[in-house]
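Chemist: Just passing along the structure, written as C-alpha coordinates.
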Amino acid sequence: MAMVVVFINWRHPVRQDRALSVDLELRLSADVSKIDFTLLPTAAWDRVYFFAPYTGPERLETVLGRNWPTYARTSIATSDGICLVVFTLRGQVVHWFEQERKIDLSPLDNGRGYTRDEAIFAVHRVDGRTVLMPIVDE
(Lines give C-alpha, C1' and ligand atoms only; values in the text may rest on other atoms or scores of the structure.)
Protein backbone atom coordinates (compact mmCIF):
# COMPACT_ATOMS: atom_id res chain seq x y z
CA MET A 1 0.00 0.00 0.00
CA ALA A 2 1.41 3.38 -1.03
CA MET A 3 1.14 6.38 1.22
CA VAL A 4 0.93 9.89 -0.11
CA VAL A 5 1.99 12.67 2.21
CA VAL A 6 0.84 16.18 1.39
CA PHE A 7 2.48 19.13 3.06
CA ILE A 8 0.52 22.35 3.18
CA ASN A 9 2.65 25.40 3.67
CA TRP A 10 0.41 27.96 5.37
CA ARG A 11 3.23 30.52 5.21
CA HIS A 12 2.89 30.80 1.42
CA PRO A 13 -0.82 30.87 0.62
CA VAL A 14 -1.33 29.99 -3.03
CA ARG A 15 -4.91 31.23 -3.29
CA GLN A 16 -5.85 34.77 -2.60
CA ASP A 17 -8.28 35.51 0.20
CA ARG A 18 -11.12 37.12 -1.76
CA ALA A 19 -13.18 37.38 1.43
CA LEU A 20 -10.83 40.16 2.58
CA SER A 21 -11.65 42.20 -0.52
CA VAL A 22 -15.38 41.68 0.05
CA ASP A 23 -15.04 42.66 3.71
CA LEU A 24 -13.08 45.80 2.79
CA GLU A 25 -15.73 46.79 0.25
CA LEU A 26 -18.52 46.28 2.81
CA ARG A 27 -16.73 48.38 5.42
CA LEU A 28 -16.16 51.17 2.89
CA SER A 29 -19.77 51.12 1.68
CA ALA A 30 -20.63 52.97 4.91
CA ASP A 31 -19.92 56.67 5.17
CA VAL A 32 -16.57 56.38 6.97
CA SER A 33 -13.61 58.75 7.04
CA LYS A 34 -11.03 56.15 8.13
CA ILE A 35 -10.45 52.43 7.67
CA ASP A 36 -8.46 50.30 10.09
CA PHE A 37 -6.93 47.25 8.37
CA THR A 38 -6.46 45.51 11.73
CA LEU A 39 -10.24 45.03 11.76
CA LEU A 40 -10.21 42.88 8.61
CA PRO A 41 -10.79 39.20 9.42
CA THR A 42 -7.27 37.83 8.95
CA ALA A 43 -4.97 35.59 10.88
CA ALA A 44 -2.12 37.24 12.74
CA TRP A 45 0.02 39.69 10.74
CA ASP A 46 2.57 42.35 11.60
CA ARG A 47 2.92 44.27 8.32
CA VAL A 48 0.72 44.99 5.31
CA TYR A 49 2.01 46.04 1.88
CA PHE A 50 0.18 47.66 -1.01
CA PHE A 51 1.36 47.38 -4.61
CA ALA A 52 0.12 49.64 -7.40
CA PRO A 53 -0.82 48.35 -10.85
CA TYR A 54 2.00 47.05 -13.05
CA THR A 55 4.29 46.22 -10.13
CA GLY A 56 6.89 43.73 -11.39
CA PRO A 57 8.21 40.73 -9.48
CA GLU A 58 11.61 42.29 -8.82
CA ARG A 59 10.14 45.30 -7.02
CA LEU A 60 7.66 43.19 -5.07
CA GLU A 61 10.39 40.82 -3.91
CA THR A 62 12.67 43.74 -3.02
CA VAL A 63 9.94 45.35 -0.92
CA LEU A 64 8.94 42.06 0.74
CA GLY A 65 12.59 41.13 1.23
CA ARG A 66 12.13 37.65 -0.18
CA ASN A 67 11.11 35.56 -3.14
CA TRP A 68 7.34 35.06 -3.34
CA PRO A 69 6.49 32.32 -5.87
CA THR A 70 2.75 33.03 -5.59
CA TYR A 71 3.37 36.32 -7.43
CA ALA A 72 2.93 34.36 -10.66
CA ARG A 73 -0.73 33.77 -9.71
CA THR A 74 -1.50 37.49 -9.43
CA SER A 75 -2.56 39.94 -12.15
CA ILE A 76 -0.55 42.85 -10.75
CA ALA A 77 2.10 42.95 -13.49
CA THR A 78 -0.37 43.20 -16.35
CA SER A 79 -3.48 44.92 -15.01
CA ASP A 80 -4.17 48.55 -14.27
CA GLY A 81 -7.49 47.52 -12.73
CA ILE A 82 -6.18 46.08 -9.48
CA CYS A 83 -3.88 46.75 -6.56
CA LEU A 84 -2.25 43.93 -4.63
CA VAL A 85 -2.46 43.71 -0.82
CA VAL A 86 0.00 41.41 0.99
CA PHE A 87 -0.03 40.68 4.73
CA THR A 88 3.10 39.27 6.36
CA LEU A 89 4.02 37.88 9.75
CA ARG A 90 7.72 37.88 10.65
CA GLY A 91 8.56 38.27 6.96
CA GLN A 92 6.35 35.40 5.72
CA VAL A 93 3.29 36.03 3.54
CA VAL A 94 0.17 34.94 5.43
CA HIS A 95 -2.62 36.55 3.34
CA TRP A 96 -2.98 38.37 0.07
CA PHE A 97 -5.69 39.65 -2.21
CA GLU A 98 -6.20 41.69 -5.34
CA GLN A 99 -8.43 44.72 -4.89
CA GLU A 100 -10.30 46.18 -7.86
CA ARG A 101 -9.53 49.86 -8.21
CA LYS A 102 -13.08 50.99 -7.56
CA ILE A 103 -11.34 51.12 -4.20
CA ASP A 104 -7.98 52.59 -5.13
CA LEU A 105 -5.17 51.51 -2.83
CA SER A 106 -2.31 52.65 -5.06
CA PRO A 107 -1.55 55.79 -2.96
CA LEU A 108 -0.61 53.38 -0.14
CA ASP A 109 2.26 51.84 -2.17
CA ASN A 110 5.15 53.28 -0.16
CA GLY A 111 7.83 50.62 -0.66
CA ARG A 112 8.05 49.72 3.03
CA GLY A 113 4.59 48.62 4.09
CA TYR A 114 2.71 49.51 7.26
CA THR A 115 2.80 48.05 10.76
CA ARG A 116 -0.46 47.23 12.52
CA ASP A 117 -0.27 50.58 14.32
CA GLU A 118 0.18 52.41 11.00
CA ALA A 119 -2.54 50.52 9.10
CA ILE A 120 -5.28 53.11 9.56
CA PHE A 121 -5.99 55.08 6.39
CA ALA A 122 -8.04 58.09 5.35
CA VAL A 123 -10.99 57.45 3.04
CA HIS A 124 -11.59 59.92 0.20
CA ARG A 125 -14.40 59.82 -2.36
CA VAL A 126 -13.17 61.05 -5.74
CA ASP A 127 -15.18 60.93 -8.99
CA GLY A 128 -17.27 57.96 -7.86
CA ARG A 129 -14.27 56.00 -6.58
CA THR A 130 -13.02 55.41 -3.09
CA VAL A 131 -9.34 56.26 -2.59
CA LEU A 132 -7.40 55.31 0.53
CA MET A 133 -4.57 57.59 1.58
CA PRO A 134 -2.03 57.55 4.40
CA ILE A 135 -3.05 59.70 7.33
CA VAL A 136 -0.60 62.55 7.64
CA ASP A 137 0.08 63.77 11.17
CA GLU A 138 -0.33 67.49 11.43
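Here, A, B, ... name the chains of the C-alpha coordinates in the order displayed, residue numbers run from 1 inside each chain, and ligands are numbered from 1 in the same displayed order.
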Any chance you could list, as number ranges by chain, the residues in chain A that come up strand (DSSP E) when DSSP is run on the backbone?

Modeler: A: 34-36, 47-51, 82-89, 92-100, 103-104, 114-115, 120-126, 129-134

Chemist: I need the residues from that last selection saved to file as a tab-separated table (two decimals), in the first residue's frame (with N, CA and C atoms), if you can.

Modeler:
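As a result, part_34.tsv now contains:
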chain	number	residue	atom	x	y	z
A	34	LYS	N	-12.25	56.92	7.92
A	34	LYS	CA	-11.03	56.15	8.13
A	34	LYS	C	-11.34	54.67	8.03
A	35	ILE	N	-10.32	53.89	7.68
A	35	ILE	CA	-10.45	52.43	7.67
A	35	ILE	C	-9.24	51.85	8.38
A	36	ASP	N	-9.50	50.93	9.29
A	36	ASP	CA	-8.46	50.30	10.09
A	36	ASP	C	-8.28	48.87	9.58
A	47	ARG	N	2.67	43.23	9.32
A	47	ARG	CA	2.92	44.27	8.32
A	47	ARG	C	2.02	44.01	7.12
A	48	VAL	N	1.51	45.09	6.52
A	48	VAL	CA	0.72	44.99	5.31
A	48	VAL	C	1.36	45.88	4.24
A	49	TYR	N	1.41	45.34	3.02
A	49	TYR	CA	2.01	46.04	1.88
A	49	TYR	C	0.96	46.24	0.80
A	50	PHE	N	1.08	47.35	0.10
A	50	PHE	CA	0.18	47.66	-1.01
A	50	PHE	C	1.04	47.86	-2.26
A	51	PHE	N	0.61	47.26	-3.36
A	51	PHE	CA	1.36	47.38	-4.61
A	51	PHE	C	0.43	47.93	-5.68
A	82	ILE	N	-6.27	46.62	-10.83
A	82	ILE	CA	-6.18	46.08	-9.48
A	82	ILE	C	-4.95	46.60	-8.75
A	83	CYS	N	-5.04	46.55	-7.43
A	83	CYS	CA	-3.88	46.75	-6.56
A	83	CYS	C	-3.73	45.45	-5.77
A	84	LEU	N	-2.53	45.15	-5.37
A	84	LEU	CA	-2.25	43.93	-4.63
A	84	LEU	C	-2.00	44.28	-3.16
A	85	VAL	N	-2.62	43.52	-2.27
A	85	VAL	CA	-2.46	43.71	-0.82
A	85	VAL	C	-1.83	42.43	-0.28
A	86	VAL	N	-0.72	42.57	0.45
A	86	VAL	CA	0.00	41.41	0.99
A	86	VAL	C	0.22	41.62	2.48
A	87	PHE	N	-0.24	40.67	3.29
A	87	PHE	CA	-0.03	40.68	4.73
A	87	PHE	C	1.10	39.72	5.06
A	88	THR	N	2.01	40.14	5.95
A	88	THR	CA	3.10	39.27	6.36
A	88	THR	C	3.15	39.16	7.88
A	89	LEU	N	3.74	38.08	8.33
A	89	LEU	CA	4.02	37.88	9.75
A	89	LEU	C	5.46	37.40	9.85
A	92	GLN	N	6.99	36.45	6.53
A	92	GLN	CA	6.35	35.40	5.72
A	92	GLN	C	4.96	35.87	5.29
A	93	VAL	N	4.62	35.66	4.02
A	93	VAL	CA	3.29	36.03	3.54
A	93	VAL	C	2.25	35.11	4.17
A	94	VAL	N	1.23	35.72	4.79
A	94	VAL	CA	0.17	34.94	5.43
A	94	VAL	C	-1.19	35.14	4.76
A	95	HIS	N	-1.39	36.27	4.09
A	95	HIS	CA	-2.62	36.55	3.34
A	95	HIS	C	-2.28	37.48	2.19
A	96	TRP	N	-3.10	37.40	1.15
A	96	TRP	CA	-2.98	38.37	0.07
A	96	TRP	C	-4.30	38.41	-0.68
A	97	PHE	N	-4.54	39.55	-1.32
A	97	PHE	CA	-5.69	39.65	-2.21
A	97	PHE	C	-5.49	40.77	-3.21
A	98	GLU	N	-6.18	40.65	-4.33
A	98	GLU	CA	-6.20	41.69	-5.34
A	98	GLU	C	-7.46	42.51	-5.12
A	99	GLN	N	-7.30	43.83	-5.10
A	99	GLN	CA	-8.43	44.72	-4.89
A	99	GLN	C	-8.70	45.50	-6.17
A	100	GLU	N	-9.92	45.38	-6.69
A	100	GLU	CA	-10.30	46.18	-7.86
A	100	GLU	C	-10.18	47.65	-7.50
A	103	ILE	N	-11.97	50.68	-5.44
A	103	ILE	CA	-11.34	51.12	-4.20
A	103	ILE	C	-9.85	51.19	-4.53
A	104	ASP	N	-9.36	52.40	-4.67
A	104	ASP	CA	-7.98	52.59	-5.13
A	104	ASP	C	-7.02	52.62	-3.94
A	114	TYR	N	3.25	48.85	6.08
A	114	TYR	CA	2.71	49.51	7.26
A	114	TYR	C	2.61	48.49	8.40
A	115	THR	N	2.99	48.90	9.59
A	115	THR	CA	2.80	48.05	10.76
A	115	THR	C	1.31	48.07	11.12
A	120	ILE	N	-4.02	52.38	9.52
A	120	ILE	CA	-5.28	53.11	9.56
A	120	ILE	C	-5.17	54.19	8.49
A	121	PHE	N	-6.12	54.21	7.56
A	121	PHE	CA	-5.99	55.08	6.39
A	121	PHE	C	-7.21	55.97	6.21
A	122	ALA	N	-6.96	57.15	5.65
A	122	ALA	CA	-8.04	58.09	5.35
A	122	ALA	C	-8.80	57.63	4.12
A	123	VAL	N	-10.11	57.82	4.15
A	123	VAL	CA	-10.99	57.45	3.04
A	123	VAL	C	-11.43	58.72	2.33
A	124	HIS	N	-11.17	58.78	1.03
A	124	HIS	CA	-11.59	59.92	0.20
A	124	HIS	C	-12.48	59.40	-0.91
A	125	ARG	N	-13.51	60.16	-1.24
A	125	ARG	CA	-14.40	59.82	-2.36
A	125	ARG	C	-14.08	60.79	-3.49
A	126	VAL	N	-13.62	60.23	-4.61
A	126	VAL	CA	-13.17	61.05	-5.74
A	126	VAL	C	-13.78	60.50	-7.03
A	129	ARG	N	-15.16	57.06	-7.09
A	129	ARG	CA	-14.27	56.00	-6.58
A	129	ARG	C	-13.93	56.31	-5.13
A	130	THR	N	-13.53	55.26	-4.44
A	130	THR	CA	-13.02	55.41	-3.09
A	130	THR	C	-11.50	55.28	-3.15
A	131	VAL	N	-10.80	56.24	-2.58
A	131	VAL	CA	-9.34	56.26	-2.59
A	131	VAL	C	-8.87	56.27	-1.14
A	132	LEU	N	-7.99	55.33	-0.81
A	132	LEU	CA	-7.40	55.31	0.53
A	132	LEU	C	-6.05	56.01	0.49
A	133	MET	N	-5.80	56.80	1.51
A	133	MET	CA	-4.57	57.59	1.58
A	133	MET	C	-3.96	57.43	2.98
A	134	PRO	N	-2.64	57.54	3.07
A	134	PRO	CA	-2.03	57.55	4.40
A	134	PRO	C	-2.55	58.75	5.18

Chemist: Which residue gives the smallest distance to A:Glu25 among A:Ala44, A:Lys102, A:Glu58, A:Trp68, with only C-alpha atoms counted?

Modeler: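 Checking each candidate against A:Glu25, we get A:Lys102 as the closest.
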
Chemist: Can you pull out the residues contacting A:Thr38? Cut-off 9 Å, using only C-alpha atoms, and skip same-chain residues under 6 positions away; I want them as JSON, numbers by chain.

Modeler: {"A": [45, 116, 117, 119, 120]}

Chemist: Keeping only N, CA and C atoms, take the residues you just selected and write them out as a PDB file, in the first residue's frame.

Modeler:
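Wrote result-v4.pdb, looks like this:
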ATOM      1  N   TRP A  45      -0.916  39.058  11.666  1.00  0.00           N
ATOM      2  CA  TRP A  45       0.023  39.690  10.736  1.00  0.00           C
ATOM      3  C   TRP A  45       0.685  40.854  11.454  1.00  0.00           C
ATOM      4  N   ARG A 116       0.931  47.233  12.066  1.00  0.00           N
ATOM      5  CA  ARG A 116      -0.465  47.227  12.519  1.00  0.00           C
ATOM      6  C   ARG A 116      -0.866  48.599  13.063  1.00  0.00           C
ATOM      7  N   ASP A 117       0.040  49.258  13.768  1.00  0.00           N
ATOM      8  CA  ASP A 117      -0.269  50.578  14.316  1.00  0.00           C
ATOM      9  C   ASP A 117      -0.428  51.639  13.232  1.00  0.00           C
ATOM     10  N   ALA A 119      -1.608  50.993  10.127  1.00  0.00           N
ATOM     11  CA  ALA A 119      -2.536  50.518   9.098  1.00  0.00           C
ATOM     12  C   ALA A 119      -3.947  51.087   9.243  1.00  0.00           C
ATOM     13  N   ILE A 120      -4.017  52.378   9.518  1.00  0.00           N
ATOM     14  CA  ILE A 120      -5.285  53.108   9.555  1.00  0.00           C
ATOM     15  C   ILE A 120      -5.171  54.193   8.494  1.00  0.00           C
TER      16      ILE A 120
END

Chemist: Run DSSP on the backbone and tell me which residues of stretch 5-67 of chain A come out as helix (DSSP H, G or I); list them as a ChimeraX atom specification.

Modeler: /A:18-29,37-39,57-64

Chemist: Include N, CA and C atoms and write out the residues we just selected as a CSV table (one decimal), in the first residue's frame.

Modeler:
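The new file out.csv reads:
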chain,number,residue,atom,x,y,z
A,18,ARG,N,-10.2,36.2,-1.2
A,18,ARG,CA,-11.1,37.1,-1.8
A,18,ARG,C,-12.1,37.7,-0.7
A,19,ALA,N,-12.3,36.9,0.4
A,19,ALA,CA,-13.2,37.4,1.4
A,19,ALA,C,-12.7,38.7,2.0
A,20,LEU,N,-11.4,38.9,2.0
A,20,LEU,CA,-10.8,40.2,2.6
A,20,LEU,C,-11.2,41.3,1.7
A,21,SER,N,-11.2,41.2,0.4
A,21,SER,CA,-11.6,42.2,-0.5
A,21,SER,C,-13.1,42.5,-0.3
A,22,VAL,N,-13.9,41.5,-0.2
A,22,VAL,CA,-15.4,41.7,0.0
A,22,VAL,C,-15.6,42.4,1.4
A,23,ASP,N,-14.9,42.0,2.4
A,23,ASP,CA,-15.0,42.7,3.7
A,23,ASP,C,-14.6,44.1,3.6
A,24,LEU,N,-13.5,44.4,3.0
A,24,LEU,CA,-13.1,45.8,2.8
A,24,LEU,C,-14.1,46.6,2.1
A,25,GLU,N,-14.7,46.1,1.0
A,25,GLU,CA,-15.7,46.8,0.2
A,25,GLU,C,-17.0,47.1,1.1
A,26,LEU,N,-17.4,46.1,1.9
A,26,LEU,CA,-18.5,46.3,2.8
A,26,LEU,C,-18.2,47.4,3.8
A,27,ARG,N,-17.1,47.4,4.4
A,27,ARG,CA,-16.7,48.4,5.4
A,27,ARG,C,-16.7,49.8,4.8
A,28,LEU,N,-16.3,49.9,3.5
A,28,LEU,CA,-16.2,51.2,2.9
A,28,LEU,C,-17.5,51.6,2.3
A,29,SER,N,-18.5,50.7,2.2
A,29,SER,CA,-19.8,51.1,1.7
A,29,SER,C,-20.5,52.1,2.7
A,37,PHE,N,-7.2,48.6,9.0
A,37,PHE,CA,-6.9,47.2,8.4
A,37,PHE,C,-6.8,46.2,9.4
A,38,THR,N,-6.5,46.5,10.7
A,38,THR,CA,-6.5,45.5,11.7
A,38,THR,C,-7.8,44.9,12.0
A,39,LEU,N,-8.9,45.5,11.5
A,39,LEU,CA,-10.2,45.0,11.8
A,39,LEU,C,-10.7,44.0,10.7
A,57,PRO,N,7.8,41.6,-10.5
A,57,PRO,CA,8.2,40.7,-9.5
A,57,PRO,C,9.5,41.2,-8.8
A,58,GLU,N,10.4,41.9,-9.5
A,58,GLU,CA,11.6,42.3,-8.8
A,58,GLU,C,11.3,43.3,-7.7
A,59,ARG,N,10.5,44.3,-8.0
A,59,ARG,CA,10.1,45.3,-7.0
A,59,ARG,C,9.4,44.7,-5.9
A,60,LEU,N,8.4,43.8,-6.1
A,60,LEU,CA,7.7,43.2,-5.1
A,60,LEU,C,8.6,42.4,-4.2
A,61,GLU,N,9.5,41.6,-4.7
A,61,GLU,CA,10.4,40.8,-3.9
A,61,GLU,C,11.4,41.7,-3.1
A,62,THR,N,11.8,42.8,-3.7
A,62,THR,CA,12.7,43.7,-3.0
A,62,THR,C,12.0,44.3,-1.8
A,63,VAL,N,10.7,44.7,-2.0
A,63,VAL,CA,9.9,45.3,-0.9
A,63,VAL,C,9.7,44.3,0.2
A,64,LEU,N,9.2,43.1,-0.2
A,64,LEU,CA,8.9,42.1,0.7
A,64,LEU,C,10.2,41.5,1.4

Chemist: Restricting the calculation to only C-alpha atoms: of A:Thr55, A:Thr70, A:Asp17, A:Gly111, which residue gets closest to A:Thr42?

Modeler: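 Checking each candidate against A:Thr42, we get A:Asp17 as the closest.
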
Chemist: So how many Å separate atom CA of A:Gly81 and atom CA of A:Arg101, to one decimal?

Modeler: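 Computing it gives 5.5 Å between the two atoms.
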
Chemist: Quick one: distance from atom CA of A:Pro53 to atom CA of A:Ile76 in Å, one decimal?

Modeler: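 According to the coordinates, atom CA of A:Pro53 and atom CA of A:Ile76 are separated by 5.5 Å.
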